[in-house]
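As stored in target.txt (compact mmCIF, C-alpha atoms):
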# COMPACT_ATOMS: atom_id res chain seq x y z
CA MET Y 43 -36.90 5.45 1.88
CA THR Y 44 -36.40 3.89 5.30
CA SER Y 45 -33.71 5.26 7.55
CA LEU Y 46 -31.26 3.07 9.41
CA PRO Y 47 -31.43 2.72 13.19
CA PRO Y 48 -29.03 5.21 14.85
CA GLU Y 49 -26.38 2.61 15.75
CA GLN Y 50 -26.33 1.26 12.18
CA ALA Y 51 -26.22 4.78 10.74
CA ASN Y 52 -23.23 5.57 12.98
CA ASP Y 53 -21.54 2.32 11.94
CA GLN Y 54 -22.09 3.11 8.28
CA GLU Y 55 -20.69 6.63 8.75
CA ARG Y 56 -17.69 5.23 10.62
CA PHE Y 57 -16.94 2.65 7.91
CA GLU Y 58 -17.37 5.19 5.11
CA GLY Y 59 -15.10 7.59 7.00
CA TRP Y 60 -12.39 4.94 7.20
CA VAL Y 61 -12.55 4.32 3.47
CA ARG Y 62 -12.70 8.02 2.61
CA GLU Y 63 -9.79 8.96 4.86
CA HIS Y 64 -7.49 5.96 4.38
CA GLY Y 65 -8.64 4.21 1.20
CA ARG Y 66 -6.21 5.95 -1.15
CA ALA Y 67 -3.18 5.16 1.01
CA VAL Y 68 -4.23 1.52 1.42
CA ARG Y 69 -4.96 1.07 -2.28
CA GLY Y 70 -1.77 2.93 -3.26
CA TYR Y 71 0.31 0.63 -1.10
CA LEU Y 72 -1.41 -2.47 -2.44
CA LEU Y 73 -1.13 -1.29 -6.04
CA ALA Y 74 2.59 -0.74 -5.56
CA GLN Y 75 2.91 -4.24 -4.11
CA VAL Y 76 0.69 -6.29 -6.44
CA ARG Y 77 0.81 -4.01 -9.49
CA ARG Y 78 -2.64 -4.84 -10.72
CA ALA Y 79 -5.51 -2.46 -10.12
CA ASP Y 80 -8.13 -5.20 -9.95
CA VAL Y 81 -6.17 -7.18 -7.36
CA ALA Y 82 -5.36 -4.03 -5.37
CA ASP Y 83 -9.04 -3.08 -5.32
CA GLU Y 84 -10.05 -6.54 -4.15
CA LEU Y 85 -7.40 -6.59 -1.43
CA ALA Y 86 -8.31 -3.05 -0.31
CA GLN Y 87 -11.90 -4.15 0.17
CA GLU Y 88 -10.67 -7.11 2.18
CA VAL Y 89 -8.54 -4.80 4.36
CA PHE Y 90 -11.54 -2.72 5.38
CA LEU Y 91 -13.76 -5.78 5.84
CA ARG Y 92 -11.21 -7.42 8.13
CA ALA Y 93 -10.74 -4.20 10.09
CA TRP Y 94 -14.50 -3.83 10.42
CA ARG Y 95 -14.94 -7.37 11.67
CA ALA Y 96 -12.19 -6.80 14.25
CA ARG Y 97 -13.31 -3.30 15.28
CA ASP Y 98 -14.27 -4.44 18.77
CA ARG Y 99 -10.79 -5.91 19.33
CA TYR Y 100 -8.85 -2.94 17.91
CA ARG Y 101 -6.73 -1.15 20.50
CA GLU Y 102 -5.56 2.29 19.52
CA GLU Y 103 -1.78 2.00 19.83
CA GLY Y 104 -0.75 3.92 16.76
CA SER Y 105 -2.36 5.58 13.81
CA LEU Y 106 -5.45 4.04 12.29
CA ARG Y 107 -3.85 4.33 8.84
CA ALA Y 108 -0.88 2.25 10.01
CA TYR Y 109 -3.32 -0.37 11.26
CA PHE Y 110 -5.00 -0.57 7.85
CA VAL Y 111 -1.66 -0.66 5.99
CA ARG Y 112 -0.44 -3.45 8.29
CA ILE Y 113 -3.49 -5.49 7.30
CA ALA Y 114 -2.80 -4.64 3.63
CA ASP Y 115 0.83 -5.65 4.01
CA ARG Y 116 -0.13 -9.02 5.47
CA LEU Y 117 -2.62 -9.64 2.66
CA ALA Y 118 -0.03 -8.72 0.01
CA CYS Y 119 2.59 -10.96 1.65
CA ASP Y 120 0.10 -13.82 1.87
CA LEU Y 121 -0.74 -13.40 -1.81
CA ALA Y 122 2.96 -13.37 -2.74
CA ARG Y 123 3.53 -16.53 -0.68
CA ARG Y 124 0.57 -18.27 -2.34
CA ASN Y 125 1.98 -17.32 -5.73
CA GLY Y 126 5.44 -18.52 -4.64
CA ARG Y 127 7.31 -15.34 -5.43
CA HIS Y 128 7.95 -11.78 -4.32
CA LYS Y 129 6.99 -10.09 -7.58
CA LEU Y 130 3.39 -10.75 -8.46
CA VAL Y 131 3.35 -9.40 -12.01
CA GLN Y 132 5.86 -8.33 -14.61
CA VAL Y 133 7.56 -4.95 -14.42
CA GLY Y 134 5.40 -2.09 -15.61
CA GLU Y 135 2.16 -4.06 -15.91
CA TRP Y 136 0.45 -2.17 -13.10
CA THR Y 137 0.81 1.15 -14.90
CA LYS Y 138 -0.89 -0.30 -17.96
CA THR Y 139 -3.94 -1.36 -15.97
CA GLU Y 140 -4.71 2.13 -14.67
CA PRO Y 141 -7.33 3.86 -16.83
CA ALA Y 142 -6.61 7.32 -18.16
CA LYS Y 143 -8.63 10.18 -16.76
CA ALA Y 144 -10.54 12.35 -19.21
CA GLU Y 145 -8.82 15.47 -17.90
CA ASP Y 146 -5.31 14.08 -18.52
CA ASP Y 147 -3.58 15.50 -21.53
CA PRO Y 148 -1.81 12.92 -23.71
CA VAL Y 149 1.66 14.37 -23.15
CA GLY Y 150 1.20 14.59 -19.37
CA LEU Y 151 -0.19 11.08 -19.27
CA ALA Y 152 2.71 9.72 -21.32
CA LEU Y 153 5.25 11.44 -19.07
CA ALA Y 154 3.52 10.19 -15.92
CA ARG Y 155 3.45 6.63 -17.23
CA GLU Y 156 7.10 6.80 -18.23
CA ALA Y 157 8.05 8.10 -14.77
CA ALA Y 158 5.93 5.40 -13.11
CA GLU Y 159 7.57 2.72 -15.24
CA GLN Y 160 11.06 4.01 -14.39
CA LEU Y 161 10.20 4.02 -10.69
CA THR Y 162 8.75 0.50 -10.94
CA GLN Y 163 11.89 -0.79 -12.64
CA ALA Y 164 14.07 0.94 -10.06
CA LEU Y 165 12.05 -0.47 -7.15
CA ASP Y 166 12.45 -3.95 -8.65
CA GLN Y 167 16.22 -3.61 -8.34
CA LEU Y 168 16.00 -3.18 -4.55
CA SER Y 169 16.11 -6.03 -2.09
CA PRO Y 170 12.65 -7.24 -1.02
CA ALA Y 171 13.19 -5.73 2.45
CA GLN Y 172 14.27 -2.33 1.07
CA ARG Y 173 11.33 -2.27 -1.33
CA ARG Y 174 8.85 -3.19 1.39
CA VAL Y 175 10.19 -0.54 3.80
CA LEU Y 176 10.01 2.18 1.15
CA LEU Y 177 6.50 1.20 0.09
CA LEU Y 178 5.28 1.12 3.69
CA ARG Y 179 6.92 4.49 4.34
CA TYR Y 180 5.84 6.39 1.24
CA TYR Y 181 2.69 4.65 0.03
CA GLY Y 182 1.49 3.50 3.42
CA GLN Y 183 2.60 6.73 5.12
CA MET Y 184 3.81 4.80 8.15
CA SER Y 185 6.37 5.95 10.70
CA PHE Y 186 9.60 4.00 11.02
CA ALA Y 187 8.45 2.65 14.39
CA GLU Y 188 5.23 1.39 12.79
CA ILE Y 189 7.20 -0.21 9.96
CA ALA Y 190 9.49 -1.93 12.48
CA GLN Y 191 6.43 -3.27 14.28
CA THR Y 192 4.80 -4.40 11.03
CA MET Y 193 7.94 -6.12 9.75
CA GLU Y 194 8.87 -7.42 13.20
CA ALA Y 195 12.39 -6.05 12.85
CA PRO Y 196 14.56 -3.70 14.92
CA LEU Y 197 14.12 0.01 14.21
CA ASN Y 198 17.80 0.38 13.20
CA THR Y 199 17.38 -2.37 10.62
CA ILE Y 200 14.37 -0.58 9.16
CA LEU Y 201 16.27 2.73 9.04
CA SER Y 202 19.17 0.97 7.34
CA HIS Y 203 16.89 -0.62 4.71
CA CYS Y 204 15.31 2.76 4.03
CA HIS Y 205 18.63 4.59 3.74
CA ARG Y 206 20.21 1.96 1.49
CA GLY Y 207 17.06 1.67 -0.62
CA LEU Y 208 16.85 5.43 -1.16
CA GLU Y 209 20.54 5.62 -2.04
CA LYS Y 210 20.13 2.83 -4.57
CA LEU Y 211 17.02 4.48 -6.06
CA ARG Y 212 18.89 7.77 -6.40
CA LYS Y 213 21.72 6.02 -8.20
CA ILE Y 214 19.44 4.03 -10.51
CA LEU Y 215 17.14 6.94 -11.35
CA GLY Y 216 20.06 9.36 -11.65
CA GLU Y 217 21.63 7.10 -14.28
CA LYS Y 218 18.36 6.92 -16.24
CA ILE Y 219 17.88 10.70 -16.18
CA ALA Y 220 21.47 11.56 -17.06
Take the structure in the file and write it out as structure tokens.
Amino acid sequence: MTSLPPEQANDQERFEGWVREHGRAVRGYLLAQVRRADVADELAQEVFLRAWRARDRYREEGSLRAYFVRIADRLACDLARRNGRHKLVQVGEWTKTEPAKAEDDPVGLALAREAAEQLTQALDQLSPAQRRVLLLRYYGQMSFAEIAQTMEAPLNTILSHCHRGLEKLRKILGEKIA
């Protein structure tokens, strides 16, 4: 087995570290946006490839995770524009594409899928801006300032979308539970 030159070994470690540390958040955000595991996986790969190609131009102005999620957000928006709509698949389809884990018990899996479907349906009742803010905040784990920068909107607008979106989710999910 031949070893890589030191600079390539460091590059490989750096890239793998990015994916290990931020891959779940990026894929989670994309999965919530596109709702298909195969598309989310493909877009997540593209996120890290684009970031890698631009690594020499990257200026550390915020968190690295926010940088990756911003790339993911742009890719998801581009895909939605190409498809001519905001929703890329039908409600609940993304939960059906996720494979079950061997360690999941059938009851737990059924409850998790039901909860995911309820959340998906509730998110679909939000405005596109509210939905995007909440997904960036909770799946992308971005600060409100980072979301404002990503969406190119004033911070107060972002805070308003988040507040109204959460209130609407509480109302929708509260009605389903009650």
* **Using all atoms listed in the file: which of Y:Glu88, Y:Gln75, Y:Val111, Y:Phe186 has the shortest distance to Arg174 in chain Y** =>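 Selected residue with least distance to Arg174 in chain Y: Y:Gln75.
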* To do: To one decimal in Å, tell me the separation between CA of Leu176 in chain Y and CA of Lys210 in chain Y.
  => 11.6 Å
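Going from CA of Leu121 in chain Y to CA of Met193 in chain Y covers 16.2 Å.
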* Contact residues around Tyr180 in chain Y with all atoms listed in the file at 12 Å, ignoring same-chain residues under 3 positions, as a PyMOL selection string -> chain Y and resi 67-68+70-71+74+108+111+173-177+183-186+189+204+208
* Structure fact -> Between CA of Asn198 in chain Y and CA of Lys213 in chain Y lies a distance of 22.5 Å
* To do: Select, from Y:Leu165, Y:Leu106, Y:Leu201, Y:Leu211, the residue with the minimum atom-to-atom distance to Glu63 in chain Y, counting all atoms listed in the file.
  => Y:Leu106
* Structure fact -> Restricting to all atoms listed in the file, whichever of Y:Ala79, Y:Val61, Y:Leu85, Y:Ile214 is closest to Gln163 in chain Y is Y:Ile214
* Find the residues near Val89 in chain Y: any atom within 7 Å, counting all atoms listed in the file, skip ones fewer than 4 places away on the same chain, and give them as a ChimeraX atom specification. => /Y:85,93,110,113-114
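With all atoms listed in the file as the atoms that count, the residue of Y:Ile200, Y:Ala190, Y:Ala152, Y:Ala118 with the shortest distance to Asp83 in chain Y is Y:Ala118.
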* Given only C-alpha atoms as the counted atoms, nearest of Y:Glu84, Y:Asp98, Y:Glu55, Y:Glu209 to Leu117 in chain Y ->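 Distance minimum relative to Leu117 in chain Y lands on Y:Glu84.
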* For Arg69 in chain Y, work out the shell of residues within 7 Å, counting all atoms listed in the file and skipping chain neighbours fewer than 4 positions away, then give it as a PyMOL selection string. => chain Y and resi 65+73+82-83+86
* Between Y:Trp94, Y:Gln87, Y:His205, Y:Gly182, which is the closest to Asp53 in chain Y once you count all atoms listed in the file? ->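 Looking at the shortest contact to Asp53 in chain Y, the residue is Y:Trp94.
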* To do: Please write as a list in words the list of polymer residues whose atoms come within 8 Å of (-13.4, 0.1, 11.6), counting all atoms listed in the file and keeping to the coordinates of the file.
  => Arg56, Phe57, Trp60, Phe90, Ala93, Trp94, Arg95, Ala96 and Arg97 of chain Y
Generate the coordinates of all heavy atoms for range 208-219 of chain Y; report them as a compact mmCIF listing (two decimals), keeping the file's coordinate frame.
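rebuild.txt was written with the following content:
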# COMPACT_ATOMS: atom_id res chain seq x y z
N LEU Y 208 16.90 4.10 -0.54
CA LEU Y 208 16.85 5.43 -1.16
C LEU Y 208 18.13 5.75 -1.92
O LEU Y 208 18.08 6.33 -3.02
CB LEU Y 208 16.58 6.49 -0.09
CG LEU Y 208 15.16 6.53 0.46
CD1 LEU Y 208 15.08 7.51 1.64
CD2 LEU Y 208 14.17 6.91 -0.62
N GLU Y 209 19.27 5.38 -1.35
CA GLU Y 209 20.54 5.62 -2.04
C GLU Y 209 20.59 4.87 -3.37
O GLU Y 209 21.01 5.41 -4.38
CB GLU Y 209 21.72 5.19 -1.15
CG GLU Y 209 21.98 6.15 0.00
CD GLU Y 209 22.33 7.55 -0.46
OE1 GLU Y 209 23.15 7.71 -1.39
OE2 GLU Y 209 21.76 8.50 0.11
N LYS Y 210 20.13 3.62 -3.35
CA LYS Y 210 20.13 2.83 -4.57
C LYS Y 210 19.16 3.41 -5.60
O LYS Y 210 19.47 3.48 -6.79
CB LYS Y 210 19.78 1.37 -4.25
CG LYS Y 210 20.03 0.43 -5.41
CD LYS Y 210 20.00 -1.02 -4.98
CE LYS Y 210 20.32 -1.92 -6.14
NZ LYS Y 210 20.30 -3.33 -5.75
N LEU Y 211 17.98 3.85 -5.14
CA LEU Y 211 17.02 4.48 -6.06
C LEU Y 211 17.61 5.74 -6.68
O LEU Y 211 17.46 5.96 -7.89
CB LEU Y 211 15.73 4.83 -5.33
CG LEU Y 211 14.72 3.72 -5.10
CD1 LEU Y 211 13.51 4.25 -4.33
CD2 LEU Y 211 14.29 3.08 -6.41
N ARG Y 212 18.27 6.55 -5.87
CA ARG Y 212 18.89 7.77 -6.40
C ARG Y 212 19.91 7.43 -7.48
O ARG Y 212 19.97 8.09 -8.52
CB ARG Y 212 19.57 8.56 -5.29
CG ARG Y 212 18.62 9.34 -4.43
CD ARG Y 212 19.37 10.22 -3.41
NE ARG Y 212 18.42 10.74 -2.46
CZ ARG Y 212 18.28 10.30 -1.21
NH1 ARG Y 212 19.08 9.36 -0.73
NH2 ARG Y 212 17.38 10.82 -0.42
N LYS Y 213 20.70 6.42 -7.23
CA LYS Y 213 21.72 6.02 -8.20
C LYS Y 213 21.08 5.50 -9.48
O LYS Y 213 21.43 5.92 -10.58
CB LYS Y 213 22.62 4.94 -7.59
CG LYS Y 213 23.73 4.51 -8.49
CD LYS Y 213 24.62 3.46 -7.84
CE LYS Y 213 25.74 3.10 -8.78
NZ LYS Y 213 25.87 1.70 -8.99
N ILE Y 214 20.10 4.63 -9.33
CA ILE Y 214 19.44 4.03 -10.51
C ILE Y 214 18.72 5.11 -11.32
O ILE Y 214 18.87 5.19 -12.53
CB ILE Y 214 18.45 2.93 -10.08
CG1 ILE Y 214 19.17 1.76 -9.46
CG2 ILE Y 214 17.59 2.49 -11.25
CD1 ILE Y 214 18.28 0.79 -8.71
N LEU Y 215 17.91 5.92 -10.63
CA LEU Y 215 17.14 6.94 -11.35
C LEU Y 215 18.03 8.05 -11.87
O LEU Y 215 17.76 8.62 -12.93
CB LEU Y 215 16.04 7.49 -10.44
CG LEU Y 215 14.95 6.48 -10.10
CD1 LEU Y 215 13.99 7.05 -9.06
CD2 LEU Y 215 14.20 6.03 -11.34
N GLY Y 216 19.11 8.36 -11.17
CA GLY Y 216 20.06 9.36 -11.65
C GLY Y 216 20.72 8.92 -12.94
O GLY Y 216 20.93 9.72 -13.85
N GLU Y 217 21.02 7.63 -13.06
CA GLU Y 217 21.63 7.10 -14.28
C GLU Y 217 20.65 7.15 -15.45
O GLU Y 217 21.03 7.41 -16.57
CB GLU Y 217 22.09 5.65 -14.06
CG GLU Y 217 23.28 5.53 -13.15
CD GLU Y 217 23.60 4.09 -12.76
OE1 GLU Y 217 22.87 3.18 -13.19
OE2 GLU Y 217 24.58 3.89 -12.02
N LYS Y 218 19.37 6.92 -15.18
CA LYS Y 218 18.36 6.92 -16.24
C LYS Y 218 18.10 8.34 -16.72
O LYS Y 218 17.80 8.55 -17.90
CB LYS Y 218 17.06 6.29 -15.76
CG LYS Y 218 17.18 4.80 -15.61
CD LYS Y 218 15.85 4.17 -15.30
CE LYS Y 218 16.08 2.69 -15.16
NZ LYS Y 218 14.92 1.91 -15.44
N ILE Y 219 18.15 9.31 -15.83
CA ILE Y 219 17.88 10.70 -16.18
C ILE Y 219 19.06 11.31 -16.92
O ILE Y 219 18.89 12.06 -17.85
CB ILE Y 219 17.52 11.52 -14.94
CG1 ILE Y 219 16.19 11.00 -14.35
CG2 ILE Y 219 17.42 13.00 -15.24
CD1 ILE Y 219 15.84 11.57 -13.01
